[in-house]
Structures are given as structure tokens and as C-alpha cells.
file my_file.cif (mmCIF, C-alpha atoms)
data_upload
loop_
_atom_site.label_atom_id
_atom_site.label_comp_id
_atom_site.auth_asym_id
_atom_site.auth_seq_id
_atom_site.Cartn_x
_atom_site.Cartn_y
_atom_site.Cartn_z
CA MET H 1 -60.28 13.91 10.16
CA LYS H 2 -57.58 11.51 11.20
CA ARG H 3 -54.21 12.20 9.67
CA GLN H 4 -52.17 9.17 8.70
CA ILE H 5 -48.59 9.68 9.84
CA ARG H 6 -46.11 7.91 7.59
CA LYS H 7 -43.44 5.87 9.31
CA ALA H 8 -39.99 7.45 9.05
CA PHE H 9 -38.03 5.33 11.51
CA CYS H 10 -34.73 5.96 9.70
CA THR H 11 -35.16 9.72 9.96
CA ILE H 12 -35.79 9.46 13.70
CA LEU H 13 -32.84 7.11 14.18
CA VAL H 14 -30.42 9.38 12.33
CA PHE H 15 -31.65 12.40 14.24
CA LEU H 16 -31.24 10.73 17.61
CA LEU H 17 -27.84 9.26 16.84
CA LEU H 18 -26.27 12.20 15.09
CA ALA H 19 -28.08 15.45 15.66
CA ALA H 20 -30.01 15.41 18.92
CA VAL H 21 -30.01 18.83 20.58
CA PRO H 22 -31.53 19.34 24.04
CA SER H 23 -34.47 21.69 24.15
CA THR H 24 -33.63 25.11 25.56
CA VAL H 25 -37.20 25.54 26.83
CA ALA H 26 -38.52 23.61 29.81
CA ALA H 27 -40.97 21.02 28.55
CA GLU H 28 -42.73 17.95 29.82
CA THR H 29 -41.09 14.58 29.43
CA ALA H 30 -42.91 12.52 26.83
CA LEU H 31 -40.63 9.48 26.91
CA MET H 32 -37.86 7.95 29.01
CA VAL H 33 -35.45 5.22 27.96
CA GLY H 34 -33.21 4.33 30.85
CA ASP H 35 -32.04 7.66 32.24
CA GLU H 36 -32.50 9.48 28.92
CA LYS H 37 -35.46 11.83 28.69
CA VAL H 38 -37.20 12.98 25.50
CA SER H 39 -39.18 16.19 25.90
CA THR H 40 -42.46 17.08 24.20
CA ASP H 41 -40.54 19.73 22.24
CA GLU H 42 -38.22 17.07 20.84
CA ILE H 43 -41.16 14.82 20.00
CA LEU H 44 -42.82 17.67 18.10
CA TYR H 45 -39.54 18.27 16.27
CA LEU H 46 -39.29 14.60 15.26
CA LEU H 47 -42.92 14.58 14.19
CA GLY H 48 -42.23 17.72 12.19
CA LEU H 49 -39.41 15.92 10.36
CA GLU H 50 -41.91 13.34 9.16
CA LEU H 51 -44.17 16.12 7.94
CA GLY H 52 -41.57 18.17 6.13
CA GLY H 53 -40.15 20.23 8.99
CA SER H 54 -43.25 22.21 9.98
CA ASP H 55 -43.68 22.72 13.75
CA ALA H 56 -47.19 24.07 13.30
CA LEU H 57 -48.20 21.10 11.19
CA ALA H 58 -46.62 18.75 13.73
CA ALA H 59 -48.69 20.20 16.59
CA LEU H 60 -51.87 19.92 14.51
CA ALA H 61 -51.04 16.36 13.47
CA ALA H 62 -50.36 15.37 17.09
CA LYS H 63 -53.83 16.57 18.08
CA GLU H 64 -55.46 14.64 15.24
CA MET H 65 -53.60 11.36 15.90
CA THR H 66 -55.42 8.60 17.71
CA LYS H 67 -54.09 7.29 21.01
CA GLU H 68 -52.77 4.24 19.17
CA GLU H 69 -50.98 6.40 16.57
CA ARG H 70 -49.33 8.47 19.31
CA ALA H 71 -48.25 5.33 21.13
CA GLY H 72 -46.90 3.90 17.88
CA PHE H 73 -44.91 7.05 17.17
CA LEU H 74 -43.38 7.04 20.67
CA SER H 75 -42.62 3.35 20.23
CA ARG H 76 -40.57 4.12 17.10
CA VAL H 77 -38.70 6.88 18.93
CA SER H 78 -37.97 4.56 21.87
CA MET H 79 -36.75 1.87 19.49
CA ALA H 80 -34.32 4.34 17.95
CA LEU H 81 -33.03 5.24 21.40
CA LEU H 82 -32.71 1.58 22.41
CA PHE H 83 -30.77 0.77 19.26
CA SER H 84 -28.48 3.78 19.79
CA ARG H 85 -27.81 2.56 23.35
CA GLY H 86 -27.19 -0.91 21.96
CA ALA H 87 -24.71 0.51 19.45
CA VAL H 88 -22.77 2.15 22.28
CA LEU H 89 -22.77 -1.11 24.29
CA LYS H 90 -21.27 -2.86 21.28
CA GLY H 91 -18.71 -0.11 20.84
CA LEU H 92 -19.99 0.71 17.36
CA HIS H 93 -19.60 4.43 18.04
CA LEU H 94 -15.84 3.82 18.23
CA ASP H 95 -15.66 2.52 14.67
CA PRO H 96 -13.64 5.19 12.77
CA LYS H 97 -16.20 5.52 9.96
CA ILE H 98 -19.19 5.76 12.31
CA ALA H 99 -17.31 8.16 14.59
CA ALA H 100 -16.52 10.33 11.57
CA GLN H 101 -20.18 10.34 10.50
CA ILE H 102 -21.30 11.35 14.01
CA ARG H 103 -18.66 14.07 14.20
CA TRP H 104 -19.32 15.54 10.75
CA ASN H 105 -23.10 15.36 10.97
CA GLN H 106 -22.82 17.44 14.13
CA ILE H 107 -20.33 19.84 12.52
CA ASN H 108 -22.52 20.29 9.44
CA LEU H 109 -25.62 20.80 11.56
CA LEU H 110 -23.94 23.51 13.63
CA ALA H 111 -22.31 25.11 10.59
CA ASN H 112 -25.68 25.36 8.83
CA ALA H 113 -27.23 26.80 11.99
CA TYR H 114 -24.45 29.40 12.14
CA ILE H 115 -24.99 30.35 8.49
CA ALA H 116 -28.73 30.63 9.16
CA SER H 117 -27.93 33.06 11.99
CA LEU H 118 -26.25 35.31 9.41
CA ALA H 119 -29.46 35.61 7.37
CA PRO H 120 -29.88 39.38 7.95
CA ARG H 121 -26.40 40.00 6.52
CA LEU H 122 -27.11 37.73 3.55
CA ALA H 123 -30.30 39.56 2.57
CA PHE H 124 -29.12 41.95 -0.15
CA GLY H 125 -31.38 44.68 -1.46
CA GLU H 126 -31.78 45.61 -5.13
CA LYS H 127 -29.80 48.83 -4.64
CA GLU H 128 -26.86 46.97 -3.11
CA LEU H 129 -26.88 44.38 -5.89
CA LYS H 130 -26.93 47.03 -8.62
CA ALA H 131 -24.13 49.00 -6.96
CA TYR H 132 -21.94 45.90 -6.85
CA PHE H 133 -22.79 45.12 -10.47
CA GLU H 134 -21.77 48.60 -11.62
CA LYS H 135 -18.42 48.30 -9.84
CA ASN H 136 -17.72 44.81 -11.17
CA ARG H 137 -19.25 44.68 -14.64
CA GLU H 138 -16.15 43.02 -16.06
CA LYS H 139 -16.79 39.93 -13.91
CA TYR H 140 -20.20 39.24 -15.37
CA VAL H 141 -19.68 38.01 -18.90
CA ARG H 142 -20.79 34.99 -20.84
CA LYS H 143 -17.68 33.42 -22.30
CA SER H 144 -17.50 32.29 -25.88
CA SER H 145 -18.73 28.71 -26.22
CA ALA H 146 -18.66 26.02 -28.85
CA ARG H 147 -20.69 22.87 -29.47
CA ILE H 148 -18.28 20.13 -30.41
CA ARG H 149 -18.00 16.43 -31.01
CA HIS H 150 -14.75 14.61 -30.45
CA ILE H 151 -12.88 11.33 -30.52
CA PHE H 152 -10.29 10.60 -27.84
CA ILE H 153 -7.45 8.16 -28.43
CA THR H 154 -4.28 7.44 -26.49
CA SER H 155 -1.92 6.89 -29.43
CA GLY H 156 -1.11 9.03 -32.44
CA GLU H 157 -1.21 6.01 -34.74
CA LYS H 158 -4.75 5.12 -33.69
CA GLY H 159 -5.68 8.77 -34.09
CA ARG H 160 -4.41 8.83 -37.65
CA SER H 161 -6.46 5.71 -38.40
CA ALA H 162 -9.59 7.39 -37.03
CA LEU H 163 -8.87 10.54 -39.05
CA LEU H 164 -8.37 8.51 -42.21
CA ALA H 165 -11.75 6.82 -41.66
CA LEU H 166 -13.43 10.22 -41.34
CA LEU H 167 -11.69 11.64 -44.42
CA SER H 168 -12.77 8.53 -46.34
CA GLY H 169 -16.38 9.49 -45.70
CA GLU H 170 -17.29 7.35 -42.69
CA ASP H 171 -19.85 8.95 -40.39
CA PHE H 172 -18.42 10.68 -37.29
CA PHE H 173 -20.86 8.80 -35.05
CA SER H 174 -19.65 5.40 -36.18
CA VAL H 175 -15.96 6.37 -36.12
CA ALA H 176 -16.33 7.64 -32.55
CA GLY H 177 -18.03 4.39 -31.60
CA ARG H 178 -15.18 2.36 -33.07
CA PHE H 179 -12.16 4.39 -32.04
CA SER H 180 -12.89 6.67 -29.08
CA GLU H 181 -11.41 5.51 -25.79
CA ASP H 182 -13.57 7.91 -23.82
CA PRO H 183 -16.65 5.82 -22.83
CA ASP H 184 -19.04 8.77 -22.92
CA SER H 185 -18.04 10.03 -26.37
CA SER H 186 -17.89 6.48 -27.69
CA VAL H 187 -21.51 5.85 -26.72
CA SER H 188 -22.76 9.31 -27.81
CA GLY H 189 -21.04 9.26 -31.18
CA GLY H 190 -18.59 11.91 -30.04
CA GLU H 191 -21.19 14.49 -28.97
CA ALA H 192 -19.67 16.60 -26.18
CA GLY H 193 -22.24 19.41 -26.05
CA TRP H 194 -21.31 23.03 -25.34
CA VAL H 195 -17.95 23.94 -23.80
CA GLU H 196 -16.85 27.38 -22.63
CA GLU H 197 -13.64 28.99 -23.79
CA GLY H 198 -10.86 28.39 -21.29
CA THR H 199 -12.20 25.09 -19.92
CA LEU H 200 -10.27 22.77 -22.25
CA ALA H 201 -6.55 22.03 -22.34
CA GLU H 202 -4.77 25.06 -23.81
CA SER H 203 -3.65 23.38 -27.04
CA LEU H 204 -7.17 22.08 -27.67
CA ASP H 205 -8.98 25.21 -26.49
CA ARG H 206 -7.08 27.44 -28.92
CA LEU H 207 -8.03 25.30 -31.91
CA VAL H 208 -11.66 24.78 -30.88
CA PHE H 209 -12.19 28.54 -30.85
CA SER H 210 -10.30 29.32 -34.04
CA SER H 211 -10.97 26.40 -36.41
CA PRO H 212 -13.61 26.66 -39.16
CA LEU H 213 -17.03 25.19 -38.38
CA ASN H 214 -17.94 21.69 -39.57
CA THR H 215 -14.31 20.82 -40.28
CA VAL H 216 -12.57 17.78 -38.77
CA VAL H 217 -9.37 18.78 -36.95
CA GLY H 218 -6.69 16.62 -35.37
CA PRO H 219 -5.28 14.50 -33.95
CA VAL H 220 -4.32 17.16 -31.38
CA GLU H 221 -2.23 16.09 -28.39
CA ALA H 222 -3.77 17.28 -25.13
CA GLY H 223 -3.41 15.83 -21.67
CA ALA H 224 -3.15 12.04 -21.65
CA GLY H 225 -3.91 11.49 -25.32
CA PHE H 226 -5.02 12.87 -28.67
CA PHE H 227 -8.26 14.47 -29.80
CA ILE H 228 -9.98 14.63 -33.14
CA PHE H 229 -12.80 17.14 -33.04
CA GLU H 230 -15.32 19.06 -35.09
CA VAL H 231 -16.92 22.38 -34.10
CA LEU H 232 -20.63 22.31 -34.96
CA GLU H 233 -21.68 25.71 -33.58
CA ARG H 234 -20.05 28.64 -31.85
CA GLN H 235 -21.42 31.52 -29.78
CA GLU H 236 -19.46 34.70 -29.14
CA GLY H 237 -19.01 35.88 -25.58
CA ARG H 238 -20.82 38.97 -24.32
CA SER H 239 -21.44 41.02 -21.19
CA LEU H 240 -24.41 40.02 -19.06
CA SER H 241 -27.20 42.43 -18.17
CA PHE H 242 -28.00 43.10 -14.51
CA SER H 243 -31.05 40.80 -14.60
CA GLU H 244 -28.98 38.01 -16.16
CA ALA H 245 -26.20 38.44 -13.60
CA LYS H 246 -28.40 38.95 -10.53
CA LYS H 247 -28.08 35.40 -9.17
CA LEU H 248 -24.32 35.44 -9.75
CA ILE H 249 -24.01 38.80 -7.96
CA THR H 250 -25.99 37.49 -4.99
CA ALA H 251 -23.79 34.38 -4.83
CA ASP H 252 -20.61 36.51 -4.95
CA LEU H 253 -21.83 38.77 -2.15
CA GLU H 254 -22.81 35.75 -0.05
CA LYS H 255 -19.36 34.24 -0.58
CA ALA H 256 -17.76 37.52 0.48
CA VAL H 257 -19.79 37.65 3.71
CA LEU H 258 -19.05 34.01 4.54
CA ALA H 259 -15.36 34.40 3.70
CA GLY H 260 -15.15 37.44 5.96
CA GLU H 261 -16.90 35.58 8.76
CA ALA H 262 -14.56 32.59 8.35
CA SER H 263 -11.55 34.92 8.40
CA SER H 264 -12.78 36.55 11.62
CA LEU H 265 -13.34 33.17 13.28
CA GLY H 266 -9.96 32.00 12.00
CA LYS H 267 -8.25 34.65 14.11
CA ARG H 268 -9.78 33.06 17.18
CA PHE H 269 -9.33 29.49 16.00
CA PRO H 270 -6.15 29.37 13.86
CA VAL H 271 -6.28 27.05 10.86
CA VAL H 272 -3.24 24.87 10.09
CA SER H 273 -3.52 23.11 6.74
CA SER H 274 -1.22 20.35 5.41
CA PRO H 275 -2.11 19.70 1.74
CA ASP H 276 0.96 17.52 1.13
CA ILE H 277 -0.42 14.86 3.48
CA LEU H 278 -3.26 14.20 1.05
CA GLY H 279 -0.76 12.99 -1.53
CA ARG H 280 0.58 10.34 0.83
CA PHE H 281 -2.60 8.31 1.27
CA PRO H 282 -1.94 4.59 0.71
CA VAL H 283 -3.80 3.17 -2.28
CA ARG H 284 -6.16 0.42 -1.08
#

call {"tool": "encode", "arguments": {"input": "my_file.cif", "output": "C-alpha cells"}}
result
Amino acid sequence: MKRQIRKAFCTILVFLLLAAVPSTVAAETALMVGDEKVSTDEILYLLGLELGGSDALAALAAKEMTKEERAGFLSRVSMALLFSRGAVLKGLHLDPKIAAQIRWNQINLLANAYIASLAPRLAFGEKELKAYFEKNREKYVRKSSARIRHIFITSGEKGRSALLALLSGEDFFSVAGRFSEDPDSSVSGGEAGWVEEGTLAESLDRLVFSSPLNTVVGPVEAGAGFFIFEVLERQEGRSLSFSEAKKLITADLEKAVLAGEASSLGKRFPVVSSPDILGRFPVR
């Protein structure tokens, strides 16, 4: 059975421009463009990209391809190489944005490869997860949450007008559509869904988790404006069971391993950070 290989020229081009890595195993040369050689291992890798990253599937597909299909695939690879050479001739690789893409694609590729090399240390057993859970139970809680709808306005006077409309019996949905200056709440009739305690501005958070249900409250000044809100439902916080917290525990342990690894590497390659510079970017 002949397997039809879909054309993924862009994938090949990106790989060759940004992430080409020479094969560490001696292999035959399948293609030459100028003085640049492409090994059979690299061709199988590129073919594997088209097939979802499977080397075994790539080898099988290569055997099942017709001579014309193989020639067509190599033609697409050679075109990518020719265009990459052409880009260098035009100096496109010196463009700051393109240079940044090349640099950071390589960095991300190597960083992901390094993380993959840590796989044995990131494989946590059930016993280890449970032990960590028992020592850190207080971390794994579901905070209190409330389902609210709100109207956001930038002036107290406009807020009072919106509140008066609600107290006069106008539907919250229509008042939000008329008055709210937050595009999302204006379109949704004020529906904001569920919010966790501690995620809102302090003045607003305190009222959301203490006000009676189904009661319009506000205008409350918070941040850059005023809020009128109504709490529709509320759920009390509680501790999570081990099964509920398992994914969170795994993520925390992974973060700890990666942070430790970064700290160790940082001793060899000191990090100098200048956050203040970010605030001096010119507005374009």
C-alpha cells in the first residue's frame, strides 16, 4: 500500500532555518546543496515531523514511498535549504526580529532537550507524592469562590445612575449593556463567572465574600473605577483530598526540581537581571 505523504514545506523550512542539529551518528548523505550535506538520519527526522514525530513510522513510510514521492520530498528539503541560503545572501538573518527568532528557537529547543534529560528525576512515585502531601496539606485547599455579575464604570456619578436603574427594577442584563465600560461584561450582561477569594481588588474582594446573595451592592471604588455587583452563588473553601491534589503536587515537585537545577546552573553562569530597564521602553 502506498502511503500518501502530506506536504509540510513550512515545517521543513522552519526546522532547517532554526533548529537543524547535525546527526551524531555517521550516516549516508541523502542530499547536498552547495557544500551543505543532509544525512539520511536528518531526512528521516524531517519525514517523521510530517508524520507526527515517529521515527519508526518515518522509516516505514520511506520504504512505501514511490521513487517519485521520495524525489519530491527531497526536492522540498532542497528548496528549504536554497531559500535559507538565499536569506543569508540577502542579509535577512541580520534583521533583529529574525535574528531573535533564530536565537530563541534554538534556546527553547535546547532548554526542552535539557528538561527531557531530567525525566528520571521528574518521575515521582505514589509514595513520594503522598509523603509530600502529608507534609504540605495546608497548601492544597480550594479557596472560597463566588459567582458574580458586575457593572464597571469609571465615574461615581455614572455608577449612581446605573444603581438607580437597577433599584427601579430594570434588568441587570440590560443595565450592564447600557452602562458597563468593560466590553466583556457589557456584552455578557455583567456575567463574570466564578472568582476565587483573594483574586479581586481588596475593597471589592471583601464585599464579594461577605455581602448577602442576590443583593445589588455598590458602586464600590476599586482600581481604575467603580463596580456594582451581585453575588449569585458562593462556595466555601475546603481542603483537597490527595487524589484531588495529585496533579498540583506533581507540578510543585517538578517546579522544585527545575528551580534547583536552575540554581545549580546559575552558580556556573551568573544571572544579572535589570527589571528597571523594562519600564524605559519607548512607546511606539

call {"tool": "resolve_selection", "arguments": {"input": "my_file.cif", "expression": "the PyMOL selection byres ((chain H and resi 218-229) around 6)", "output": "VMD selection string"}}
result
chain H and resid 149 to 154 159 216 to 217 230

call {"tool": "closest_atom_pairs", "arguments": {"input": "my_file.cif", "of": "stretch 80-151 of chain H", "to": "stretch 253-259 of chain H", "cutoff": "9 Å", "atoms": "all atoms listed in the file", "output": "CSV"}}
result
residue,atom,partner,partner_atom,distance
H:Ile115,CA,H:Leu258,CA,8.0
H:Leu118,CA,H:Leu258,CA,8.8
H:Arg121,CA,H:Val257,CA,7.6
H:Leu122,CA,H:Glu254,CA,5.9
H:Ala123,CA,H:Glu254,CA,8.8
H:Phe124,CA,H:Leu253,CA,8.2
H:Leu129,CA,H:Leu253,CA,8.4
H:Tyr132,CA,H:Leu253,CA,8.5

call {"tool": "closest_residue", "arguments": {"input": "my_file.cif", "among": "H:Ser78, H:Gln101, H:Ser203, H:Ser155", "to": "H:Lys37", "atoms": "all atoms listed in the file"}}
result
H:Ser78

call {"tool": "atom_distance", "arguments": {"input": "my_file.cif", "atom1": "atom CA of H:Leu44", "atom2": "atom CA of H:Ala111"}}
result
23.1 Å

call {"tool": "residues_around", "arguments": {"input": "my_file.cif", "residues": "stretch 136-148 of chain H", "least_positions_apart": "2", "cutoff": "9 Å", "atoms": "all atoms listed in the file", "output": "JSON, numbers by chain"}}
result
{"H": [131, 132, 133, 134, 150, 190, 191, 192, 193, 194, 195, 196, 197, 198, 208, 209, 229, 230, 231, 232, 233, 234, 235, 236, 237, 238, 239, 240, 241, 242, 244, 245, 248, 249]}

call {"tool": "residues_near_point", "arguments": {"input": "my_file.cif", "point": "(-24.8, 4.4, 18.4)", "cutoff": "6 Å", "atoms": "only C-alpha atoms", "output": "number ranges by chain"}}
result
H: 17, 84, 87-88, 93

call {"tool": "atom_distance", "arguments": {"input": "my_file.cif", "atom1": "atom CA of H:Leu47", "atom2": "atom CA of H:Ala30"}}
result
12.8 Å

call {"tool": "closest_residue", "arguments": {"input": "my_file.cif", "among": "H:Ser273, H:Glu28, H:Val33, H:Leu278", "to": "H:Met79", "atoms": "only C-alpha atoms"}}
result
H:Val33

call {"tool": "atom_distance", "arguments": {"input": "my_file.cif", "atom1": "atom CA of H:Leu51", "atom2": "atom CA of H:Ala71"}}
result
17.5 Å

call {"tool": "closest_residue", "arguments": {"input": "my_file.cif", "among": "H:Arg206, H:Ser161, H:Ile98, H:Ser117", "to": "H:Glu261", "atoms": "all atoms listed in the file"}}
result
H:Ser117

call {"tool": "build_atoms", "arguments": {"input": "my_file.cif", "residues": "stretch 246-277 of chain H", "atoms": "N, CA and C atoms", "output": "mmCIF file, in the frame of the given file"}}
result
data_model
loop_
_atom_site.group_PDB
_atom_site.id
_atom_site.type_symbol
_atom_site.label_atom_id
_atom_site.label_comp_id
_atom_site.auth_asym_id
_atom_site.auth_seq_id
_atom_site.Cartn_x
_atom_site.Cartn_y
_atom_site.Cartn_z
ATOM 1 N N LYS H 246 -27.924 38.728 -11.897
ATOM 2 C CA LYS H 246 -28.400 38.950 -10.530
ATOM 3 C C LYS H 246 -28.088 37.785 -9.595
ATOM 4 N N LYS H 247 -28.345 36.561 -10.022
ATOM 5 C CA LYS H 247 -28.080 35.400 -9.170
ATOM 6 C C LYS H 247 -26.583 35.250 -8.908
ATOM 7 N N LEU H 248 -25.769 35.538 -9.914
ATOM 8 C CA LEU H 248 -24.320 35.440 -9.750
ATOM 9 C C LEU H 248 -23.829 36.501 -8.772
ATOM 10 N N ILE H 249 -24.390 37.710 -8.864
ATOM 11 C CA ILE H 249 -24.010 38.800 -7.960
ATOM 12 C C ILE H 249 -24.351 38.416 -6.519
ATOM 13 N N THR H 250 -25.568 37.900 -6.330
ATOM 14 C CA THR H 250 -25.990 37.490 -4.990
ATOM 15 C C THR H 250 -25.051 36.426 -4.433
ATOM 16 N N ALA H 251 -24.703 35.453 -5.266
ATOM 17 C CA ALA H 251 -23.790 34.380 -4.830
ATOM 18 C C ALA H 251 -22.423 34.948 -4.458
ATOM 19 N N ASP H 252 -21.920 35.911 -5.238
ATOM 20 C CA ASP H 252 -20.610 36.510 -4.950
ATOM 21 C C ASP H 252 -20.634 37.284 -3.638
ATOM 22 N N LEU H 253 -21.716 38.015 -3.399
ATOM 23 C CA LEU H 253 -21.830 38.770 -2.150
ATOM 24 C C LEU H 253 -21.951 37.829 -0.948
ATOM 25 N N GLU H 254 -22.692 36.747 -1.127
ATOM 26 C CA GLU H 254 -22.810 35.750 -0.050
ATOM 27 C C GLU H 254 -21.449 35.149 0.263
ATOM 28 N N LYS H 255 -20.699 34.811 -0.788
ATOM 29 C CA LYS H 255 -19.360 34.240 -0.580
ATOM 30 C C LYS H 255 -18.468 35.222 0.162
ATOM 31 N N ALA H 256 -18.583 36.508 -0.171
ATOM 32 C CA ALA H 256 -17.760 37.520 0.480
ATOM 33 C C ALA H 256 -18.083 37.620 1.967
ATOM 34 N N VAL H 257 -19.375 37.588 2.306
ATOM 35 C CA VAL H 257 -19.790 37.650 3.710
ATOM 36 C C VAL H 257 -19.279 36.435 4.461
ATOM 37 N N LEU H 258 -19.466 35.243 3.876
ATOM 38 C CA LEU H 258 -19.050 34.010 4.540
ATOM 39 C C LEU H 258 -17.529 33.928 4.672
ATOM 40 N N ALA H 259 -16.824 34.404 3.634
ATOM 41 C CA ALA H 259 -15.360 34.400 3.700
ATOM 42 C C ALA H 259 -14.878 35.344 4.796
ATOM 43 N N GLY H 260 -15.518 36.499 4.915
ATOM 44 C CA GLY H 260 -15.150 37.440 5.960
ATOM 45 C C GLY H 260 -15.423 36.881 7.345
ATOM 46 N N GLU H 261 -16.555 36.187 7.474
ATOM 47 C CA GLU H 261 -16.900 35.580 8.760
ATOM 48 C C GLU H 261 -15.917 34.480 9.113
ATOM 49 N N ALA H 262 -15.536 33.662 8.111
ATOM 50 C CA ALA H 262 -14.560 32.590 8.350
ATOM 51 C C ALA H 262 -13.208 33.171 8.741
ATOM 52 N N SER H 263 -12.831 34.281 8.093
ATOM 53 C CA SER H 263 -11.550 34.920 8.400
ATOM 54 C C SER H 263 -11.551 35.444 9.842
ATOM 55 N N SER H 264 -12.667 36.031 10.259
ATOM 56 C CA SER H 264 -12.780 36.550 11.620
ATOM 57 C C SER H 264 -12.687 35.417 12.645
ATOM 58 N N LEU H 265 -13.393 34.316 12.378
ATOM 59 C CA LEU H 265 -13.340 33.170 13.280
ATOM 60 C C LEU H 265 -11.958 32.530 13.281
ATOM 61 N N GLY H 266 -11.288 32.586 12.122
ATOM 62 C CA GLY H 266 -9.960 32.000 12.000
ATOM 63 C C GLY H 266 -8.929 32.682 12.877
ATOM 64 N N LYS H 267 -9.171 33.953 13.213
ATOM 65 C CA LYS H 267 -8.250 34.650 14.110
ATOM 66 C C LYS H 267 -8.369 34.108 15.527
ATOM 67 N N ARG H 268 -9.560 33.631 15.850
ATOM 68 C CA ARG H 268 -9.780 33.060 17.180
ATOM 69 C C ARG H 268 -9.397 31.592 17.224
ATOM 70 N N PHE H 269 -9.648 30.914 16.104
ATOM 71 C CA PHE H 269 -9.330 29.490 16.000
ATOM 72 C C PHE H 269 -8.406 29.287 14.801
ATOM 73 N N PRO H 270 -7.089 29.442 14.996
ATOM 74 C CA PRO H 270 -6.150 29.370 13.860
ATOM 75 C C PRO H 270 -6.271 28.069 13.069
ATOM 76 N N VAL H 271 -6.184 28.200 11.764
ATOM 77 C CA VAL H 271 -6.280 27.050 10.860
ATOM 78 C C VAL H 271 -4.878 26.663 10.398
ATOM 79 N N VAL H 272 -4.523 25.394 10.563
ATOM 80 C CA VAL H 272 -3.240 24.870 10.090
ATOM 81 C C VAL H 272 -3.541 23.793 9.061
ATOM 82 N N SER H 273 -3.187 24.038 7.828
ATOM 83 C CA SER H 273 -3.520 23.110 6.740
ATOM 84 C C SER H 273 -2.257 22.430 6.221
ATOM 85 N N SER H 274 -2.376 21.127 5.907
ATOM 86 C CA SER H 274 -1.220 20.350 5.410
ATOM 87 C C SER H 274 -1.611 19.614 4.127
ATOM 88 N N PRO H 275 -1.691 20.327 3.002
ATOM 89 C CA PRO H 275 -2.110 19.700 1.740
ATOM 90 C C PRO H 275 -1.258 18.528 1.303
ATOM 91 N N ASP H 276 0.068 18.579 1.606
ATOM 92 C CA ASP H 276 0.960 17.520 1.130
ATOM 93 C C ASP H 276 0.583 16.146 1.690
ATOM 94 N N ILE H 277 -0.036 16.136 2.876
ATOM 95 C CA ILE H 277 -0.420 14.860 3.480
ATOM 96 C C ILE H 277 -1.395 14.107 2.600
#
